[in-house]
$ cat input.txt   # compact mmCIF, C-alpha atoms
# COMPACT_ATOMS: atom_id res chain seq x y z
CA MET A 19 227.31 113.39 6.43
CA LYS A 20 227.40 110.67 9.03
CA TYR A 21 230.65 109.48 10.57
CA LYS A 22 231.10 105.98 11.80
CA ARG A 23 232.45 105.75 15.32
CA LYS A 24 235.57 103.69 15.51
CA ALA A 25 235.57 100.88 17.99
CA ILE A 26 238.05 101.46 20.77
CA ILE A 27 240.12 98.40 21.48
CA ARG A 28 241.43 98.51 24.99
CA ASN A 29 244.65 96.77 25.81
CA LYS A 30 243.83 94.18 28.46
CA THR A 31 247.37 92.82 28.65
CA PRO A 32 248.46 94.89 31.70
CA CYS A 33 245.35 93.78 33.62
CA ILE A 34 246.03 90.12 32.82
CA LEU A 35 249.67 90.52 33.86
CA PHE A 36 248.64 91.96 37.23
CA ILE A 37 246.29 89.02 37.80
CA ILE A 38 249.05 86.53 36.94
CA LEU A 39 251.54 88.37 39.17
CA ASP A 40 249.05 88.36 42.05
CA LEU A 41 248.41 84.63 41.63
CA PHE A 42 252.15 83.93 41.53
CA THR A 43 252.75 86.04 44.66
CA ASN A 44 249.98 84.27 46.57
CA TYR A 45 251.31 80.89 45.44
CA ASN A 46 254.77 81.75 46.79
CA LYS A 47 253.29 82.93 50.09
CA ASN A 48 251.30 79.71 50.42
CA GLN A 49 254.37 77.60 49.69
CA LYS A 50 256.36 79.45 52.36
CA MET A 51 253.60 78.90 54.90
CA LYS A 52 253.32 75.21 54.00
CA SER A 53 257.09 74.83 54.35
CA GLU A 54 257.10 76.46 57.80
CA LEU A 55 254.17 74.31 58.94
CA GLU A 56 255.97 71.15 57.80
CA LYS A 57 258.97 72.21 59.91
CA LEU A 58 256.72 73.04 62.84
CA ASP A 59 255.02 69.66 62.65
CA LYS A 60 258.40 67.95 62.84
CA ASN A 61 259.67 70.23 65.63
CA ILE A 62 256.64 69.77 67.89
CA LYS A 63 256.56 66.03 67.30
CA GLU A 64 260.23 65.70 68.26
CA LYS A 65 260.49 68.19 71.13
CA ARG A 66 256.96 68.32 72.60
CA PRO A 67 255.36 64.95 71.81
CA GLU A 68 252.87 65.36 74.68
CA TYR A 69 251.64 68.60 73.12
CA TYR A 70 251.58 67.15 69.61
CA ALA A 71 249.22 64.46 70.91
CA ILE A 72 246.55 67.04 71.82
CA LEU A 73 246.55 68.80 68.43
CA GLN A 74 243.34 68.12 66.55
CA LYS A 75 243.12 66.65 63.07
CA PRO A 76 243.20 69.07 60.11
CA LEU A 77 240.09 70.58 58.60
CA SER A 78 239.35 69.91 54.95
CA GLU A 79 238.93 72.65 52.35
CA LYS A 80 235.21 71.86 52.37
CA GLU A 81 234.92 72.17 56.14
CA ILE A 82 236.74 75.51 56.11
CA SER A 83 234.52 76.77 53.29
CA GLU A 84 231.39 75.78 55.22
CA LEU A 85 232.59 77.69 58.29
CA GLU A 86 233.43 80.73 56.17
CA THR A 87 229.88 80.67 54.82
CA LYS A 88 228.31 80.10 58.24
CA TYR A 89 230.10 83.08 59.79
CA ASN A 90 230.34 85.21 56.63
CA ILE A 91 234.13 85.56 56.94
CA LYS A 92 236.70 84.89 54.23
CA LEU A 93 240.00 83.56 55.54
CA ASN A 94 243.30 84.69 54.07
CA SER A 95 245.31 81.89 52.50
CA ASP A 96 248.00 81.69 55.21
CA LEU A 97 245.43 81.34 57.97
CA LYS A 98 243.60 78.72 55.93
CA GLU A 99 246.87 76.77 55.62
CA LEU A 100 247.19 76.79 59.41
CA TYR A 101 243.85 75.03 59.78
CA LEU A 102 244.59 72.67 56.91
CA TRP A 103 247.54 71.61 59.09
CA LYS A 104 245.76 71.25 62.45
CA ASN A 105 242.39 72.42 63.76
CA GLY A 106 243.70 73.83 67.00
CA GLN A 107 244.15 71.76 70.14
CA SER A 108 241.93 69.80 72.48
CA GLN A 109 239.86 72.14 74.64
CA SER A 110 240.39 69.87 77.64
CA ASP A 111 244.13 70.60 77.78
CA SER A 112 245.62 74.00 78.62
CA LYS A 113 249.19 73.45 77.39
CA ALA A 114 250.44 76.46 75.44
CA PHE A 115 250.98 76.47 71.69
CA VAL A 116 253.03 79.67 72.01
CA ASN A 117 253.31 82.71 74.32
CA ASN A 118 251.30 81.11 77.11
CA SER A 119 248.37 80.79 74.69
CA MET A 120 246.39 77.83 73.39
CA PHE A 121 245.70 77.16 69.70
CA GLU A 122 241.96 77.63 69.17
CA PRO A 123 239.87 75.43 66.80
CA LEU A 124 238.54 77.41 63.85
CA GLU A 125 234.87 77.35 64.86
CA TYR A 126 235.82 78.72 68.30
CA VAL A 127 237.75 81.48 66.53
CA LEU A 128 234.91 82.49 64.23
CA SER A 129 232.18 82.24 66.87
CA GLY A 130 234.38 84.28 69.24
CA ASN A 131 234.81 86.94 66.59
CA LYS A 132 231.03 87.07 66.09
CA GLU A 133 230.34 87.34 69.83
CA PHE A 134 232.87 90.12 70.42
CA THR A 135 231.84 92.04 67.31
CA GLU A 136 228.23 92.10 68.52
CA MET A 137 229.46 93.76 71.74
CA ILE A 138 230.95 96.78 69.90
CA GLY A 139 229.07 99.94 70.91
CA TYR A 140 227.57 98.24 73.95
CA ASP A 141 230.02 96.43 76.23
CA PHE A 142 232.89 97.80 74.14
CA GLU A 143 232.50 101.59 74.03
CA ILE A 144 236.06 102.47 73.05
CA GLU A 145 237.08 102.48 69.39
CA ASN A 146 239.17 99.39 68.54
CA TRP A 147 238.76 97.90 71.99
CA TRP A 148 237.64 95.13 69.70
CA ASN A 149 237.59 95.18 65.90
CA LYS A 150 235.40 93.04 63.64
CA ASN A 151 238.50 92.10 61.59
CA TRP A 152 240.28 90.39 64.48
CA LEU A 153 240.21 86.60 64.65
CA PRO A 154 241.22 85.26 68.12
CA ILE A 155 243.38 82.30 67.08
CA PHE A 156 245.50 81.93 70.25
CA SER A 157 243.90 82.20 73.71
CA ASN A 158 245.46 82.58 77.16
CA GLY A 159 242.33 81.04 78.69
CA GLY A 160 241.51 84.23 80.61
CA GLY A 161 239.71 86.20 77.91
CA SER A 162 242.76 87.66 76.16
CA TYR A 163 244.02 86.63 72.73
CA ILE A 164 246.59 86.87 69.98
CA CYS A 165 244.47 87.78 66.97
CA TYR A 166 244.89 87.46 63.23
CA ASP A 167 244.07 90.90 61.79
CA LEU A 168 242.29 90.59 58.44
CA LYS A 169 242.57 94.29 57.55
CA GLY A 170 245.65 95.59 59.32
CA ILE A 171 244.16 97.96 61.89
CA PHE A 172 246.57 100.73 63.00
CA THR A 173 249.24 99.84 60.40
CA GLY A 174 247.54 98.78 57.16
CA GLU A 175 249.44 95.46 57.21
CA LYS A 176 246.79 92.84 56.43
CA GLY A 177 247.39 89.53 58.17
CA GLN A 178 249.42 90.95 61.06
CA LEU A 179 249.13 89.46 64.55
CA ILE A 180 247.86 91.71 67.32
CA GLU A 181 247.43 91.24 71.06
CA TYR A 182 243.97 91.80 72.54
CA TRP A 183 243.82 92.22 76.32
CA ASN A 184 240.35 92.05 77.86
CA ALA A 185 241.23 94.32 80.81
CA ASP A 186 243.91 96.62 79.34
CA ASN A 187 243.79 99.21 76.58
CA ASP A 188 247.09 98.44 74.85
CA ARG A 189 246.84 96.73 71.47
CA SER A 190 250.28 95.59 70.33
CA VAL A 191 251.15 94.34 66.86
CA ILE A 192 253.60 91.50 67.51
CA ALA A 193 254.23 90.13 64.00
CA PRO A 194 253.76 91.44 60.44
CA ASN A 195 252.20 88.17 59.26
CA LEU A 196 251.49 84.62 60.36
CA THR A 197 254.18 82.98 58.22
CA SER A 198 256.94 85.12 59.76
CA PHE A 199 255.59 84.34 63.23
CA ILE A 200 255.64 80.58 62.60
CA LYS A 201 259.16 80.91 61.18
CA LYS A 202 260.33 82.56 64.43
CA LEU A 203 258.59 79.81 66.38
CA ASN A 204 260.49 77.20 64.37
CA GLN A 205 263.77 78.98 65.05
CA TYR A 206 262.96 78.89 68.76
CA TYR A 207 262.30 75.15 68.59
CA GLU A 208 265.51 74.48 66.68
CA LYS A 209 267.73 76.24 69.21
CA THR A 210 265.93 75.10 72.39
CA GLN A 211 266.68 71.84 74.18
CA ILE A 212 263.78 69.51 74.99
CA GLU A 213 264.20 69.90 78.76
CA GLU A 214 263.90 73.71 78.46
CA PHE A 215 260.31 73.62 77.23
CA ASP A 216 257.47 74.12 79.70
CA GLU A 217 253.70 74.44 79.41
CA CYS A 218 253.82 78.25 79.12
CA PHE A 219 256.82 78.93 76.91
CA ASP A 220 257.15 82.34 75.31
CA ILE A 221 258.95 83.71 72.23
CA SER A 222 258.35 87.42 72.93
CA ALA A 223 262.09 88.10 73.01
CA GLU A 224 262.54 86.52 69.57
CA ILE A 225 259.86 88.74 68.00
CA SER A 226 260.52 91.98 69.92
CA GLU A 227 261.88 93.68 66.77
CA TRP A 228 258.36 93.66 65.28
CA ARG A 229 256.49 94.94 68.32
CA ARG A 230 254.48 98.12 67.82
CA ASP A 231 252.34 99.36 70.70
CA PHE A 232 249.05 101.23 70.33
CA ILE A 233 246.76 102.61 73.03
CA VAL A 234 243.00 102.69 72.53
CA ASN A 235 241.17 105.35 74.53
CA LYS A 236 238.83 107.12 72.12
CA LEU A 237 235.10 106.65 72.64
CA ILE A 238 233.06 105.32 69.72
CA LYS A 239 231.02 108.08 68.10
CA LYS A 240 227.29 107.41 68.37

$ encode --input "input.txt" --output "structure tokens"
Amino acid sequence: MKYKRKAIIRNKTPCILFIILDLFTNYNKNQKMKSELEKLDKNIKEKRPEYYAILQKPLSEKEISELETKYNIKLNSDLKELYLWKNGQSQSDSKAFVNNSMFEPLEYVLSGNKEFTEMIGYDFEIENWWNKNWLPIFSNGGGSYICYDLKGIFTGEKGQLIEYWNADNDRSVIAPNLTSFIKKLNQYYEKTQIEEFDECFDISAEISEWRRDFIVNKLIKK
């Protein structure tokens, strides 16, 4: 006697709900970032008009997508929003965007990531001296950077900001995410008088609560 196998109907509702929840969460994050960037645009324009003048025009979605393809890197949505706002600053002017660091155009960021990643195991012999997931978005002009961390090295917090020093082995996480960092920057602008700004201003004191220091000194296994 043959028995017919009953078709198993799997409930896909939970999976669909997770997808919807994820989309809603990302939408909220994007809206928060857009809101902070709108405030930042207004703050810089009002309090540092000479710096605002050297910010470069925004990239389009298409231009960002082409750069992602060229360098085989997928940007997180908050970082993409940053470059939809402005594509860094003029490379002929060294005024600081924040923390004595310049705001790098996206192609400089992605080409820099590629160059440094190719040096791992050769010029960089210590584990996490450089990491392929770090995008050097803010530069001090001397080879050191504030990087956007795609994977959350050391902490697991994707999208955190981490300091890379070219001559020192400390790697400090300075913010849990880009949106929170821009929010603190806005708060600094809102409480600071125009005459108090200089070309190298720093908000390290305002973000000290987030700082987590890590030392890299372990050789890469070959």

$ atom_distance --input "input.txt" --atom1 "atom CA of A:Cys218" --atom2 "atom CA of A:Asn117"
6.6 Å

$ closest_residue --input "input.txt" --among "A:Ile164, A:Leu237, A:Val116, A:Ile171" --to "A:Glu224" --atoms "only C-alpha atoms"
A:Val116

$ residues_near_point --input "input.txt" --point "(263.8, 77.0, 68.3)" --cutoff "12 Å" --atoms "all atoms listed in the file" --output "PyMOL selection string"
chain A and resi 57-58+60-62+64-66+116+200-212+214-215+219-221+224

$ residues_around --input "input.txt" --residues "stretch 80-89 of chain A" --least-positions-apart "2" --cutoff "7 Å" --atoms "only C-alpha atoms" --output "PyMOL selection string"
chain A and resi 77-78+91-92+125+128

$ atom_distance --input "input.txt" --atom1 "atom CA of A:Leu196" --atom2 "atom CA of A:Phe142"
26.6 Å

$ closest_residue --input "input.txt" --among "A:Thr197, A:Ser119, A:Asn105, A:Thr173" --to "A:Asn48" --atoms "only C-alpha atoms"
A:Thr197

$ closest_residue --input "input.txt" --among "A:Lys47, A:Lys52, A:Arg230, A:Lys98" --to "A:Leu124" --atoms "only C-alpha atoms"
A:Lys98

$ atom_distance --input "input.txt" --atom1 "atom CA of A:Leu153" --atom2 "atom CA of A:Asp59"
22.6 Å

$ residues_around --input "input.txt" --residues "A:Gly159" --least-positions-apart "3" --cutoff "12 Å" --atoms "all atoms listed in the file" --output "JSON, numbers by chain"
{"A": [109, 110, 111, 112, 113, 114, 117, 118, 119, 120, 121, 122, 154, 155, 156, 162, 163, 164, 183, 184, 218]}

$ closest_residue --input "input.txt" --among "A:Tyr126, A:Val234, A:Ser157, A:Ser198" --to "A:Phe172" --atoms "only C-alpha atoms"
A:Val234

$ closest_residue --input "input.txt" --among "A:Lys63, A:Arg189, A:Lys176, A:Lys132" --to "A:Asn235" --atoms "all atoms listed in the file"
A:Arg189

$ residues_around --input "input.txt" --residues "A:Ile192" --least-positions-apart "5" --cutoff "8 Å" --atoms "all atoms listed in the file" --output "CSV table (one decimal) with C-alpha atoms, in the coordinates of the input"
chain,number,residue,atom,x,y,z
A,178,GLN,CA,249.4,91.0,61.1
A,179,LEU,CA,249.1,89.5,64.6
A,180,ILE,CA,247.9,91.7,67.3
A,181,GLU,CA,247.4,91.2,71.1
A,225,ILE,CA,259.9,88.7,68.0
A,226,SER,CA,260.5,92.0,69.9
A,228,TRP,CA,258.4,93.7,65.3
A,229,ARG,CA,256.5,94.9,68.3
A,230,ARG,CA,254.5,98.1,67.8
